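A.B. asks: Contents are PDB, C-alpha atoms, pLDDT in the B column; file name model-v4.pdb:
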ATOM      1  CA  MET A   1     106.660  96.225 129.004  1.00 60.00           C
ATOM      2  CA  GLU A   2     105.807  93.270 126.793  1.00 70.00           C
ATOM      3  CA  SER A   3     107.747  94.781 123.907  1.00 79.00           C
ATOM      4  CA  LEU A   4     110.753  95.404 126.182  1.00 79.00           C
ATOM      5  CA  ASP A   5     110.627  91.822 127.450  1.00 79.00           C
ATOM      6  CA  LEU A   6     110.471  90.566 123.878  1.00 81.00           C
ATOM      7  CA  PHE A   7     113.462  92.706 122.956  1.00 82.00           C
ATOM      8  CA  LEU A   8     115.494  91.438 125.913  1.00 81.00           C
ATOM      9  CA  GLN A   9     114.548  87.818 125.281  1.00 83.00           C
ATOM     10  CA  THR A  10     115.511  88.196 121.633  1.00 82.00           C
ATOM     11  CA  PHE A  11     118.844  90.014 121.891  1.00 88.00           C
ATOM     12  CA  PHE A  12     119.890  89.602 125.555  1.00 89.00           C
ATOM     13  CA  ASN A  13     118.699  86.131 126.455  1.00 87.00           C
ATOM     14  CA  LEU A  14     120.746  85.229 129.537  1.00 89.00           C
ATOM     15  CA  GLU A  15     120.107  81.493 129.233  1.00 90.00           C
ATOM     16  CA  ILE A  16     121.442  81.411 125.681  1.00 91.00           C
ATOM     17  CA  ALA A  17     124.305  83.727 126.607  1.00 91.00           C
ATOM     18  CA  ALA A  18     125.353  81.367 129.402  1.00 90.00           C
ATOM     19  CA  ARG A  19     125.231  78.417 127.015  1.00 92.00           C
ATOM     20  CA  TYR A  20     127.357  79.950 124.257  1.00 91.00           C
ATOM     21  CA  TRP A  21     129.734  82.344 126.025  1.00 92.00           C
ATOM     22  CA  PRO A  22     132.655  79.819 125.862  1.00 91.00           C
ATOM     23  CA  ASP A  23     132.335  79.766 122.063  1.00 92.00           C
ATOM     24  CA  ILE A  24     132.292  83.562 121.905  1.00 92.00           C
ATOM     25  CA  LEU A  25     135.270  83.782 124.264  1.00 92.00           C
ATOM     26  CA  SER A  26     137.221  81.266 122.199  1.00 92.00           C
ATOM     27  CA  GLY A  27     136.459  83.167 119.006  1.00 91.00           C
ATOM     28  CA  ALA A  28     137.468  86.449 120.644  1.00 91.00           C
ATOM     29  CA  GLY A  29     140.839  84.926 121.511  1.00 93.00           C
ATOM     30  CA  ILE A  30     141.440  83.973 117.888  1.00 92.00           C
ATOM     31  CA  THR A  31     140.334  87.435 116.742  1.00 92.00           C
ATOM     32  CA  ILE A  32     142.760  89.120 119.146  1.00 92.00           C
ATOM     33  CA  GLY A  33     145.654  86.815 118.276  1.00 93.00           C
ATOM     34  CA  LEU A  34     145.157  87.131 114.538  1.00 94.00           C
ATOM     35  CA  SER A  35     144.786  90.911 114.786  1.00 93.00           C
ATOM     36  CA  ILE A  36     148.116  91.112 116.600  1.00 94.00           C
ATOM     37  CA  VAL A  37     150.054  89.002 114.100  1.00 95.00           C
ATOM     38  CA  VAL A  38     148.461  90.802 111.143  1.00 95.00           C
ATOM     39  CA  THR A  39     149.453  94.161 112.632  1.00 94.00           C
ATOM     40  CA  ILE A  40     153.038  93.082 113.282  1.00 95.00           C
ATOM     41  CA  THR A  41     153.667  91.481 109.898  1.00 96.00           C
ATOM     42  CA  GLY A  42     151.728  94.087 107.933  1.00 95.00           C
ATOM     43  CA  LEU A  43     153.516  97.060 109.484  1.00 95.00           C
ATOM     44  CA  ALA A  44     156.932  95.382 109.254  1.00 95.00           C
ATOM     45  CA  LEU A  45     156.450  94.538 105.581  1.00 96.00           C
ATOM     46  CA  GLY A  46     155.054  98.000 104.792  1.00 95.00           C
ATOM     47  CA  LEU A  47     158.033  99.679 106.463  1.00 94.00           C
ATOM     48  CA  ALA A  48     160.462  97.432 104.595  1.00 94.00           C
ATOM     49  CA  LEU A  49     158.796  98.239 101.272  1.00 95.00           C
ATOM     50  CA  ALA A  50     158.939 101.978 101.998  1.00 94.00           C
ATOM     51  CA  LEU A  51     162.658 101.665 102.749  1.00 92.00           C
ATOM     52  CA  LEU A  52     163.280  99.768  99.527  1.00 93.00           C
ATOM     53  CA  ARG A  53     161.300 102.331  97.569  1.00 93.00           C
ATOM     54  CA  ALA A  54     163.383 105.100  99.157  1.00 90.00           C
ATOM     55  CA  LEU A  55     166.422 103.644  97.393  1.00 89.00           C
ATOM     56  CA  GLN A  56     164.830 105.092  94.237  1.00 88.00           C
ATOM     57  CA  ARG A  57     165.832 102.215  91.987  1.00 90.00           C
ATOM     58  CA  THR A  58     163.357 101.784  89.166  1.00 91.00           C
ATOM     59  CA  TRP A  59     163.635  97.989  89.152  1.00 92.00           C
ATOM     60  CA  LEU A  60     162.625  98.022  92.826  1.00 91.00           C
ATOM     61  CA  SER A  61     160.114 100.873  92.844  1.00 92.00           C
ATOM     62  CA  LEU A  62     157.925  99.651  89.981  1.00 95.00           C
ATOM     63  CA  PRO A  63     157.102  96.220  91.495  1.00 95.00           C
ATOM     64  CA  ILE A  64     156.443  97.862  94.870  1.00 96.00           C
ATOM     65  CA  ILE A  65     154.096 100.439  93.322  1.00 95.00           C
ATOM     66  CA  ALA A  66     152.309  97.683  91.397  1.00 96.00           C
ATOM     67  CA  PHE A  67     151.922  95.562  94.540  1.00 96.00           C
ATOM     68  CA  VAL A  68     150.591  98.497  96.569  1.00 95.00           C
ATOM     69  CA  ASP A  69     148.103  99.531  93.887  1.00 95.00           C
ATOM     70  CA  VAL A  70     146.783  95.989  93.426  1.00 95.00           C
ATOM     71  CA  MET A  71     146.429  95.340  97.156  1.00 95.00           C
ATOM     72  CA  ARG A  72     144.610  98.630  97.715  1.00 94.00           C
ATOM     73  CA  ALA A  73     142.353  98.147  94.688  1.00 94.00           C
ATOM     74  CA  LEU A  74     141.183  94.619  95.512  1.00 93.00           C
ATOM     75  CA  PRO A  75     138.693  94.063  98.345  1.00 93.00           C
ATOM     76  CA  PRO A  76     140.305  92.072 101.179  1.00 93.00           C
ATOM     77  CA  LEU A  77     137.609  89.418 100.790  1.00 94.00           C
ATOM     78  CA  VAL A  78     138.662  88.764  97.179  1.00 94.00           C
ATOM     79  CA  ILE A  79     142.297  88.366  98.236  1.00 95.00           C
ATOM     80  CA  LEU A  80     141.270  85.976 101.007  1.00 95.00           C
ATOM     81  CA  ILE A  81     139.204  83.868  98.605  1.00 94.00           C
ATOM     82  CA  ILE A  82     142.121  83.695  96.156  1.00 94.00           C
ATOM     83  CA  PHE A  83     144.476  82.462  98.889  1.00 94.00           C
ATOM     84  CA  PHE A  84     142.081  79.896 100.331  1.00 94.00           C
ATOM     85  CA  PHE A  85     140.186  78.616  97.298  1.00 93.00           C
ATOM     86  CA  ALA A  86     142.334  79.390  94.243  1.00 93.00           C
ATOM     87  CA  PHE A  87     145.856  78.610  95.463  1.00 92.00           C
ATOM     88  CA  PRO A  88     145.061  74.927  96.201  1.00 91.00           C
ATOM     89  CA  LEU A  89     144.388  74.527  92.467  1.00 90.00           C
ATOM     90  CA  ILE A  90     148.083  75.204  91.844  1.00 90.00           C
ATOM     91  CA  GLY A  91     149.211  72.998  94.703  1.00 89.00           C
ATOM     92  CA  ILE A  92     149.438  75.609  97.469  1.00 90.00           C
ATOM     93  CA  SER A  93     147.050  74.783 100.293  1.00 90.00           C
ATOM     94  CA  MET A  94     146.782  76.686 103.547  1.00 91.00           C
ATOM     95  CA  SER A  95     144.625  76.766 106.635  1.00 92.00           C
ATOM     96  CA  ALA A  96     141.884  79.326 107.200  1.00 92.00           C
ATOM     97  CA  PHE A  97     144.101  81.051 109.774  1.00 93.00           C
ATOM     98  CA  THR A  98     147.065  81.269 107.403  1.00 94.00           C
ATOM     99  CA  ALA A  99     144.969  82.486 104.476  1.00 94.00           C
ATOM    100  CA  THR A 100     143.346  85.195 106.580  1.00 95.00           C
ATOM    101  CA  TRP A 101     146.672  86.218 108.096  1.00 96.00           C
ATOM    102  CA  LEU A 102     148.465  86.483 104.739  1.00 95.00           C
ATOM    103  CA  SER A 103     145.679  88.316 102.939  1.00 96.00           C
ATOM    104  CA  LEU A 104     145.137  90.923 105.664  1.00 96.00           C
ATOM    105  CA  SER A 105     148.880  91.349 106.240  1.00 96.00           C
ATOM    106  CA  LEU A 106     149.431  92.139 102.567  1.00 96.00           C
ATOM    107  CA  VAL A 107     146.570  94.637 102.555  1.00 96.00           C
ATOM    108  CA  LEU A 108     147.906  96.365 105.656  1.00 96.00           C
ATOM    109  CA  ALA A 109     151.441  96.349 104.228  1.00 96.00           C
ATOM    110  CA  ALA A 110     150.228  98.166 101.114  1.00 96.00           C
ATOM    111  CA  TYR A 111     148.560 100.923 103.115  1.00 95.00           C
ATOM    112  CA  ALA A 112     151.473 101.129 105.565  1.00 95.00           C
ATOM    113  CA  GLU A 113     153.943 101.515 102.711  1.00 95.00           C
ATOM    114  CA  GLU A 114     151.960 104.355 101.178  1.00 94.00           C
ATOM    115  CA  SER A 115     151.577 106.124 104.522  1.00 92.00           C
ATOM    116  CA  VAL A 116     155.271 105.898 105.387  1.00 93.00           C
ATOM    117  CA  TRP A 117     156.321 106.779 101.840  1.00 93.00           C
ATOM    118  CA  GLY A 118     154.079 109.841 101.964  1.00 90.00           C
ATOM    119  CA  GLY A 119     155.737 110.823 105.237  1.00 89.00           C
ATOM    120  CA  ILE A 120     159.179 110.455 103.652  1.00 89.00           C
ATOM    121  CA  LEU A 121     158.203 112.602 100.676  1.00 89.00           C
ATOM    122  CA  SER A 122     156.786 115.317 102.916  1.00 87.00           C
ATOM    123  CA  LEU A 123     160.144 115.918 104.609  1.00 85.00           C
ATOM    124  CA  PRO A 124     162.451 118.607 103.184  1.00 84.00           C
ATOM    125  CA  ARG A 125     165.155 117.020 101.065  1.00 79.00           C
ATOM    126  CA  GLY A 126     167.724 119.204 102.824  1.00 80.00           C
ATOM    127  CA  GLN A 127     167.393 117.145 106.012  1.00 80.00           C
ATOM    128  CA  SER A 128     168.753 113.974 104.472  1.00 80.00           C
ATOM    129  CA  GLU A 129     171.408 115.907 102.560  1.00 78.00           C
ATOM    130  CA  ALA A 130     172.560 117.603 105.757  1.00 81.00           C
ATOM    131  CA  ALA A 131     172.681 114.247 107.545  1.00 78.00           C
ATOM    132  CA  ARG A 132     174.764 112.713 104.760  1.00 78.00           C
ATOM    133  CA  SER A 133     177.119 115.688 104.822  1.00 80.00           C
ATOM    134  CA  THR A 134     177.966 114.894 108.454  1.00 82.00           C
ATOM    135  CA  GLY A 135     179.260 111.481 107.428  1.00 81.00           C
ATOM    136  CA  LEU A 136     176.163 109.363 108.085  1.00 82.00           C
ATOM    137  CA  THR A 137     175.533 106.495 105.695  1.00 85.00           C
ATOM    138  CA  TRP A 138     172.285 106.220 103.748  1.00 84.00           C
ATOM    139  CA  TRP A 139     171.021 103.603 106.202  1.00 86.00           C
ATOM    140  CA  GLN A 140     171.928 105.715 109.232  1.00 86.00           C
ATOM    141  CA  THR A 141     170.274 108.746 107.666  1.00 87.00           C
ATOM    142  CA  MET A 142     167.055 106.835 106.995  1.00 87.00           C
ATOM    143  CA  THR A 143     166.822 105.142 110.393  1.00 85.00           C
ATOM    144  CA  SER A 144     168.009 108.032 112.567  1.00 84.00           C
ATOM    145  CA  VAL A 145     166.731 111.127 110.734  1.00 85.00           C
ATOM    146  CA  VAL A 146     164.138 110.398 108.059  1.00 88.00           C
ATOM    147  CA  LEU A 147     162.094 107.433 109.287  1.00 87.00           C
ATOM    148  CA  PRO A 148     161.349 108.707 112.828  1.00 86.00           C
ATOM    149  CA  GLN A 149     159.830 111.871 111.341  1.00 87.00           C
ATOM    150  CA  ALA A 150     158.078 110.028 108.500  1.00 88.00           C
ATOM    151  CA  VAL A 151     156.466 107.536 110.886  1.00 85.00           C
ATOM    152  CA  ARG A 152     155.279 110.360 113.133  1.00 86.00           C
ATOM    153  CA  ILE A 153     153.636 112.057 110.142  1.00 86.00           C
ATOM    154  CA  ALA A 154     152.124 108.776 108.954  1.00 86.00           C
ATOM    155  CA  LEU A 155     150.839 107.733 112.377  1.00 85.00           C
ATOM    156  CA  PRO A 156     147.228 109.073 112.254  1.00 82.00           C
ATOM    157  CA  PRO A 157     146.222 107.402 108.964  1.00 84.00           C
ATOM    158  CA  LEU A 158     148.280 104.353 109.886  1.00 88.00           C
ATOM    159  CA  THR A 159     146.527 103.725 113.203  1.00 86.00           C
ATOM    160  CA  ASN A 160     143.127 104.085 111.530  1.00 85.00           C
ATOM    161  CA  ARG A 161     144.146 101.595 108.873  1.00 88.00           C
ATOM    162  CA  VAL A 162     145.449  99.112 111.459  1.00 89.00           C
ATOM    163  CA  ILE A 163     142.105  99.202 113.266  1.00 87.00           C
ATOM    164  CA  SER A 164     140.172  98.847 110.015  1.00 88.00           C
ATOM    165  CA  VAL A 165     142.211  95.892 108.781  1.00 89.00           C
ATOM    166  CA  SER A 166     142.103  94.222 112.204  1.00 85.00           C
ATOM    167  CA  LYS A 167     138.310  94.324 112.157  1.00 87.00           C
ATOM    168  CA  ASN A 168     138.464  92.557 108.789  1.00 90.00           C
ATOM    169  CA  VAL A 169     139.507  89.435 110.685  1.00 90.00           C
ATOM    170  CA  ALA A 170     135.740  88.841 110.624  1.00 89.00           C
ATOM    171  CA  LEU A 171     136.147  88.017 106.923  1.00 90.00           C
ATOM    172  CA  GLY A 172     137.734  84.776 108.096  1.00 89.00           C
ATOM    173  CA  SER A 173     134.220  83.499 108.722  1.00 86.00           C
ATOM    174  CA  VAL A 174     133.941  83.043 104.940  1.00 88.00           C
ATOM    175  CA  VAL A 175     136.655  80.361 105.084  1.00 88.00           C
ATOM    176  CA  ALA A 176     135.336  78.847 108.325  1.00 83.00           C
ATOM    177  CA  LEU A 177     137.891  80.472 110.617  1.00 88.00           C
ATOM    178  CA  SER A 178     136.641  80.069 114.185  1.00 87.00           C
ATOM    179  CA  GLU A 179     136.861  83.751 115.037  1.00 89.00           C
ATOM    180  CA  VAL A 180     134.268  85.540 117.112  1.00 90.00           C
ATOM    181  CA  LEU A 181     131.803  86.390 114.318  1.00 88.00           C
ATOM    182  CA  ASN A 182     131.837  82.895 112.813  1.00 89.00           C
ATOM    183  CA  ASN A 183     131.277  81.319 116.223  1.00 91.00           C
ATOM    184  CA  ALA A 184     128.469  83.781 116.920  1.00 92.00           C
ATOM    185  CA  GLN A 185     126.763  83.009 113.620  1.00 90.00           C
ATOM    186  CA  SER A 186     126.953  79.270 114.281  1.00 91.00           C
ATOM    187  CA  ALA A 187     125.607  79.742 117.798  1.00 91.00           C
ATOM    188  CA  THR A 188     122.790  81.925 116.493  1.00 91.00           C
ATOM    189  CA  SER A 189     121.787  79.233 114.007  1.00 90.00           C
ATOM    190  CA  ASN A 190     121.874  76.511 116.656  1.00 89.00           C
ATOM    191  CA  ALA A 191     119.968  78.557 119.242  1.00 88.00           C
ATOM    192  CA  GLY A 192     117.497  80.174 116.850  1.00 89.00           C
ATOM    193  CA  ASN A 193     118.175  83.419 118.672  1.00 89.00           C
ATOM    194  CA  PRO A 194     120.447  86.400 117.841  1.00 92.00           C
ATOM    195  CA  THR A 195     121.798  86.775 121.381  1.00 92.00           C
ATOM    196  CA  PRO A 196     125.198  85.287 120.358  1.00 92.00           C
ATOM    197  CA  LEU A 197     125.517  88.021 117.720  1.00 92.00           C
ATOM    198  CA  THR A 198     124.870  90.602 120.423  1.00 92.00           C
ATOM    199  CA  MET A 199     127.622  88.958 122.455  1.00 93.00           C
ATOM    200  CA  ALA A 200     129.953  89.141 119.450  1.00 92.00           C
ATOM    201  CA  ALA A 201     129.200  92.850 119.052  1.00 91.00           C
ATOM    202  CA  LEU A 202     130.010  93.413 122.722  1.00 92.00           C
ATOM    203  CA  ALA A 203     133.231  91.425 122.263  1.00 91.00           C
ATOM    204  CA  TYR A 204     134.264  93.702 119.390  1.00 90.00           C
ATOM    205  CA  LEU A 205     133.626  96.734 121.592  1.00 91.00           C
ATOM    206  CA  VAL A 206     135.708  95.256 124.407  1.00 90.00           C
ATOM    207  CA  ILE A 207     138.541  94.450 121.987  1.00 89.00           C
ATOM    208  CA  PHE A 208     138.685  97.556 119.828  1.00 87.00           C
ATOM    209  CA  ILE A 209     137.622 100.468 122.048  1.00 89.00           C
ATOM    210  CA  PRO A 210     140.838 100.152 124.119  1.00 88.00           C
ATOM    211  CA  VAL A 211     142.797  99.886 120.851  1.00 85.00           C
ATOM    212  CA  MET A 212     141.253 103.092 119.528  1.00 84.00           C
ATOM    213  CA  PHE A 213     141.814 104.835 122.853  1.00 86.00           C
ATOM    214  CA  GLY A 214     145.446 103.711 122.869  1.00 83.00           C
ATOM    215  CA  ALA A 215     145.943 104.844 119.275  1.00 78.00           C
ATOM    216  CA  ARG A 216     144.559 108.280 120.103  1.00 81.00           C
ATOM    217  CA  ARG A 217     146.850 108.541 123.125  1.00 82.00           C
ATOM    218  CA  LEU A 218     149.830 107.553 120.991  1.00 77.00           C
ATOM    219  CA  GLU A 219     148.965 110.134 118.338  1.00 73.00           C
ATOM    220  CA  ASN A 220     148.697 112.845 121.003  1.00 77.00           C
ATOM    221  CA  ARG A 221     152.055 111.883 122.532  1.00 74.00           C
ATOM    222  CA  LEU A 222     153.867 111.870 119.209  1.00 67.00           C
ATOM    223  CA  GLN A 223     152.215 114.835 117.550  1.00 64.00           C
ATOM    224  CA  TRP A 224     154.413 117.743 116.500  1.00 52.00           C
ATOM    225  CA  ARG A 225     154.976 120.396 119.113  1.00 47.00           C
ATOM    226  CA  VAL A 226     154.739 123.917 117.682  1.00 38.00           C
TER     227      VAL A 226
END
Just dump the structure as structure tokens.
C.D. replies:
Amino acid sequence: MESLDLFLQTFFNLEIAARYWPDILSGAGITIGLSIVVTITGLALGLALALLRALQRTWLSLPIIAFVDVMRALPPLVILIIFFFAFPLIGISMSAFTATWLSLSLVLAAYAEESVWGGILSLPRGQSEAARSTGLTWWQTMTSVVLPQAVRIALPPLTNRVISVSKNVALGSVVALSEVLNNAQSATSNAGNPTPLTMAALAYLVIFIPVMFGARRLENRLQWRV
């Protein structure tokens, strides 16, 4: 019993939890908000890049391929550090929120572009040719025929990547972003007890388990019927 009491006092100290729960709640709000904007901008940019690449113009495709390869090769933390610490040296300063948002959005855009592009390539070429033969423009063919199928194919890896990149919001703690992990670490240092970190872990479960459940439901609804 003594060992159990010690465990509870160390990781589930109710007095400390009551003292620091506003900080954890505030950080959770920033984590949720930043995850949403990163998802929106990252997916929108990735889709736009896939569309531009589908034009099959070398002067467009090569920069897109280079961007995607660089963003996927570099760790998100390195990109974040470049935005926050290196860019001010050339006169471009940004807040911790902006630096985290831009870096994670670019990473997600790179993976989204590759997923959607892979979906486009997997479709039989005859589908777009048949659509064009009916009088549809290139844009109408892409938006009405090709993209809906490509996105459906790309959905499973895309949802996993969205969840993974969203959890990387925790990297914002490196640049003093007041997200849930940074607030929990500060509270842990002030309290001399890891209970705030336990609270942060519970906050991540509350935030991301519904997201993963929703993503699985969406995949099941949109999966191919055979």
A.B. asks: Using all atoms listed in the file, which residues of stretch 35-100 of chain A come within 7 Å of stretch 169-188 of chain A, and what is the closest atom pair for each, with the distance in Å to one decimal? Give it as JSON lines, sorted by chain and residue number.
C.D. replies:
{"residue": "A:Ser35", "atom": "CA", "partner": "A:Val169", "partner_atom": "CA", "distance": 6.8}
{"residue": "A:Leu77", "atom": "CA", "partner": "A:Leu171", "partner_atom": "CA", "distance": 6.5}
{"residue": "A:Ala96", "atom": "CA", "partner": "A:Leu177", "partner_atom": "CA", "distance": 5.4}
{"residue": "A:Phe97", "atom": "CA", "partner": "A:Leu177", "partner_atom": "CA", "distance": 6.3}
{"residue": "A:Thr100", "atom": "CA", "partner": "A:Gly172", "partner_atom": "CA", "distance": 5.8}
A.B. asks: I'd like to know which of A:Ser164, A:Leu47, A:Phe208, A:Val38 is closest to A:Ala99, using all atoms listed in the file.
C.D. replies: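 That would be A:Val38, the residue with the smallest distance to A:Ala99.
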A.B. asks: Could you work out how far atom CA of A:Phe11 lies from atom CA of A:Pro194, giving the answer in Å with one decimal?
C.D. replies: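 So the two atoms, atom CA of A:Pro194 and atom CA of A:Phe11, lie 5.7 Å apart.
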A.B. asks: Name the residues within 6 Å of (138.0, 90.6, 119.3), counting all atoms listed in the file in the file's coordinates, and put them as a list in words.
C.D. replies: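 Residues satisfying the cut-off, written out: Ala28, Thr31, Ile32, Ala203, Tyr204 and Ile207 of chain A.
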A.B. asks: In the coordinate frame of the file, compute which residues have an atom within 10 Å of (156.2, 97.8, 110.8) when using all atoms listed in the file, and state them as an MDAnalysis selection string.
C.D. replies: chainID A and resid 39:49 108:109 112:113 116 151
A.B. asks: Just C-alpha atoms for this one: save the residues we selected as a PDB file, keeping the file's coordinate frame.
C.D. replies:
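As a result, selection-v5.pdb now contains:
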ATOM      1  CA  THR A  39     149.453  94.161 112.632  1.00 94.00           C
ATOM      2  CA  ILE A  40     153.038  93.082 113.282  1.00 95.00           C
ATOM      3  CA  THR A  41     153.667  91.481 109.898  1.00 96.00           C
ATOM      4  CA  GLY A  42     151.728  94.087 107.933  1.00 95.00           C
ATOM      5  CA  LEU A  43     153.516  97.060 109.484  1.00 95.00           C
ATOM      6  CA  ALA A  44     156.932  95.382 109.254  1.00 95.00           C
ATOM      7  CA  LEU A  45     156.450  94.538 105.581  1.00 96.00           C
ATOM      8  CA  GLY A  46     155.054  98.000 104.792  1.00 95.00           C
ATOM      9  CA  LEU A  47     158.033  99.679 106.463  1.00 94.00           C
ATOM     10  CA  ALA A  48     160.462  97.432 104.595  1.00 94.00           C
ATOM     11  CA  LEU A  49     158.796  98.239 101.272  1.00 95.00           C
ATOM     12  CA  LEU A 108     147.906  96.365 105.656  1.00 96.00           C
ATOM     13  CA  ALA A 109     151.441  96.349 104.228  1.00 96.00           C
ATOM     14  CA  ALA A 112     151.473 101.129 105.565  1.00 95.00           C
ATOM     15  CA  GLU A 113     153.943 101.515 102.711  1.00 95.00           C
ATOM     16  CA  VAL A 116     155.271 105.898 105.387  1.00 93.00           C
ATOM     17  CA  VAL A 151     156.466 107.536 110.886  1.00 85.00           C
TER      18      VAL A 151
END
A.B. asks: If you measure from atom CA of A:Asp23 to atom CA of A:Arg161, what distance in Å do you get, rounded to one decimal?
C.D. replies: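 Between these atoms lies a distance of 28.1 Å.
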A.B. asks: To one decimal in Å, tell me the separation between atom CA of A:Leu102 and atom CA of A:Pro148.
C.D. replies: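 Separating atom CA of A:Leu102 from atom CA of A:Pro148 is a distance of 26.9 Å.
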A.B. asks: Assuming the chain letters and numbering stay as they are in my file, what does the PyMOL selection byres ((chain A and resi 215) around 10) actually select? List them as a PyMOL selection string.
C.D. replies: chain A and resi 155-156+158-160+162-163+209-214+216-221
A.B. asks: For A:Ser128, work out the shell of residues within 9 Å, counting only C-alpha atoms and skipping chain neighbours fewer than 5 positions away, then give it as a list in words.
C.D. replies: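 Skipping anything fewer than 5 positions along the chain leaves Leu123, Ser133, Trp138, Thr141, Met142, Val145 and Val146 of chain A.
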A.B. asks: Have a look at A:Ile120, A:Val70, A:Ser166, A:Val206 and name the one nearest to A:Leu51; count only C-alpha atoms.
C.D. replies: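 Going through A:Ile120, A:Val70, A:Ser166, A:Val206 one by one, the smallest distance to A:Leu51 is for A:Ile120.
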A.B. asks: For each of A:Leu121, A:Gly135, A:Ala200, A:Pro157, take the minimum atom-to-atom distance to A:Gly29, counting only C-alpha atoms, then give the residue where this is smallest.
C.D. replies: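 Of A:Leu121, A:Gly135, A:Ala200, A:Pro157, the one nearest A:Gly29, counting only C-alpha atoms, is A:Ala200.
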A.B. asks: Skipping near chain neighbours, those fewer than 4 positions away, what residues fall within 9 Å of A:Phe83 using only C-alpha atoms, listed as an mmCIF file with C-alpha atoms, keeping the file's coordinate frame?
C.D. replies:
data_model
loop_
_atom_site.group_PDB
_atom_site.id
_atom_site.type_symbol
_atom_site.label_atom_id
_atom_site.label_comp_id
_atom_site.auth_asym_id
_atom_site.auth_seq_id
_atom_site.Cartn_x
_atom_site.Cartn_y
_atom_site.Cartn_z
ATOM 1 C CA VAL A 78 138.662 88.764 97.179
ATOM 2 C CA ILE A 79 142.297 88.366 98.236
ATOM 3 C CA PHE A 87 145.856 78.610 95.463
ATOM 4 C CA PRO A 88 145.061 74.927 96.201
ATOM 5 C CA ILE A 92 149.438 75.609 97.469
ATOM 6 C CA SER A 93 147.050 74.783 100.293
ATOM 7 C CA MET A 94 146.782 76.686 103.547
ATOM 8 C CA THR A 98 147.065 81.269 107.403
ATOM 9 C CA ALA A 99 144.969 82.486 104.476
ATOM 10 C CA THR A 100 143.346 85.195 106.580
ATOM 11 C CA LEU A 102 148.465 86.483 104.739
ATOM 12 C CA SER A 103 145.679 88.316 102.939
#
A.B. asks: Between A:Ala150, A:Ala50, A:Val165, A:Leu25, which is the closest to A:Ile64 once you count all atoms listed in the file?
C.D. replies: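 Smallest separation from A:Ile64 among the options: A:Ala50.
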A.B. asks: With distances taken over only C-alpha atoms, which residue among A:Gln140, A:Trp101, A:Ile81, A:Val107 lies nearest A:Ile30?
C.D. replies: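 The closest residue to A:Ile30 is A:Trp101.
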A.B. asks: For stretch 150-154 of chain A, where the input has fewer atoms than it should, I would like all heavy atoms rebuilt and written as an mmCIF file, in the coordinates of the input.
C.D. replies:
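Produced file part-v9.cif, reproduced below:
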data_model
loop_
_atom_site.group_PDB
_atom_site.id
_atom_site.type_symbol
_atom_site.label_atom_id
_atom_site.label_comp_id
_atom_site.auth_asym_id
_atom_site.auth_seq_id
_atom_site.Cartn_x
_atom_site.Cartn_y
_atom_site.Cartn_z
ATOM 1 N N ALA A 150 159.073 110.524 109.455
ATOM 2 C CA ALA A 150 158.078 110.028 108.500
ATOM 3 C C ALA A 150 157.003 109.207 109.207
ATOM 4 O O ALA A 150 155.809 109.331 108.910
ATOM 5 C CB ALA A 150 158.759 109.202 107.416
ATOM 6 N N VAL A 151 157.423 108.360 110.151
ATOM 7 C CA VAL A 151 156.466 107.536 110.886
ATOM 8 C C VAL A 151 155.554 108.409 111.736
ATOM 9 O O VAL A 151 154.350 108.153 111.845
ATOM 10 C CB VAL A 151 157.209 106.502 111.751
ATOM 11 C CG1 VAL A 151 156.250 105.807 112.707
ATOM 12 C CG2 VAL A 151 157.905 105.477 110.871
ATOM 13 N N ARG A 152 156.100 109.451 112.331
ATOM 14 C CA ARG A 152 155.279 110.360 113.133
ATOM 15 C C ARG A 152 154.212 111.029 112.262
ATOM 16 O O ARG A 152 153.059 111.163 112.672
ATOM 17 C CB ARG A 152 156.165 111.414 113.789
ATOM 18 C CG ARG A 152 155.407 112.394 114.661
ATOM 19 C CD ARG A 152 156.341 113.342 115.387
ATOM 20 N NE ARG A 152 157.160 112.652 116.364
ATOM 21 C CZ ARG A 152 157.951 113.264 117.235
ATOM 22 N NH1 ARG A 152 158.046 114.578 117.234
ATOM 23 N NH2 ARG A 152 158.652 112.573 118.108
ATOM 24 N N ILE A 153 154.598 111.445 111.059
ATOM 25 C CA ILE A 153 153.636 112.057 110.142
ATOM 26 C C ILE A 153 152.586 111.048 109.701
ATOM 27 O O ILE A 153 151.395 111.363 109.570
ATOM 28 C CB ILE A 153 154.378 112.638 108.924
ATOM 29 C CG1 ILE A 153 155.278 113.803 109.354
ATOM 30 C CG2 ILE A 153 153.395 113.101 107.852
ATOM 31 C CD1 ILE A 153 156.211 114.302 108.271
ATOM 32 N N ALA A 154 153.020 109.805 109.478
ATOM 33 C CA ALA A 154 152.124 108.776 108.954
ATOM 34 C C ALA A 154 151.246 108.150 110.025
ATOM 35 O O ALA A 154 150.314 107.405 109.694
ATOM 36 C CB ALA A 154 152.946 107.675 108.274
#
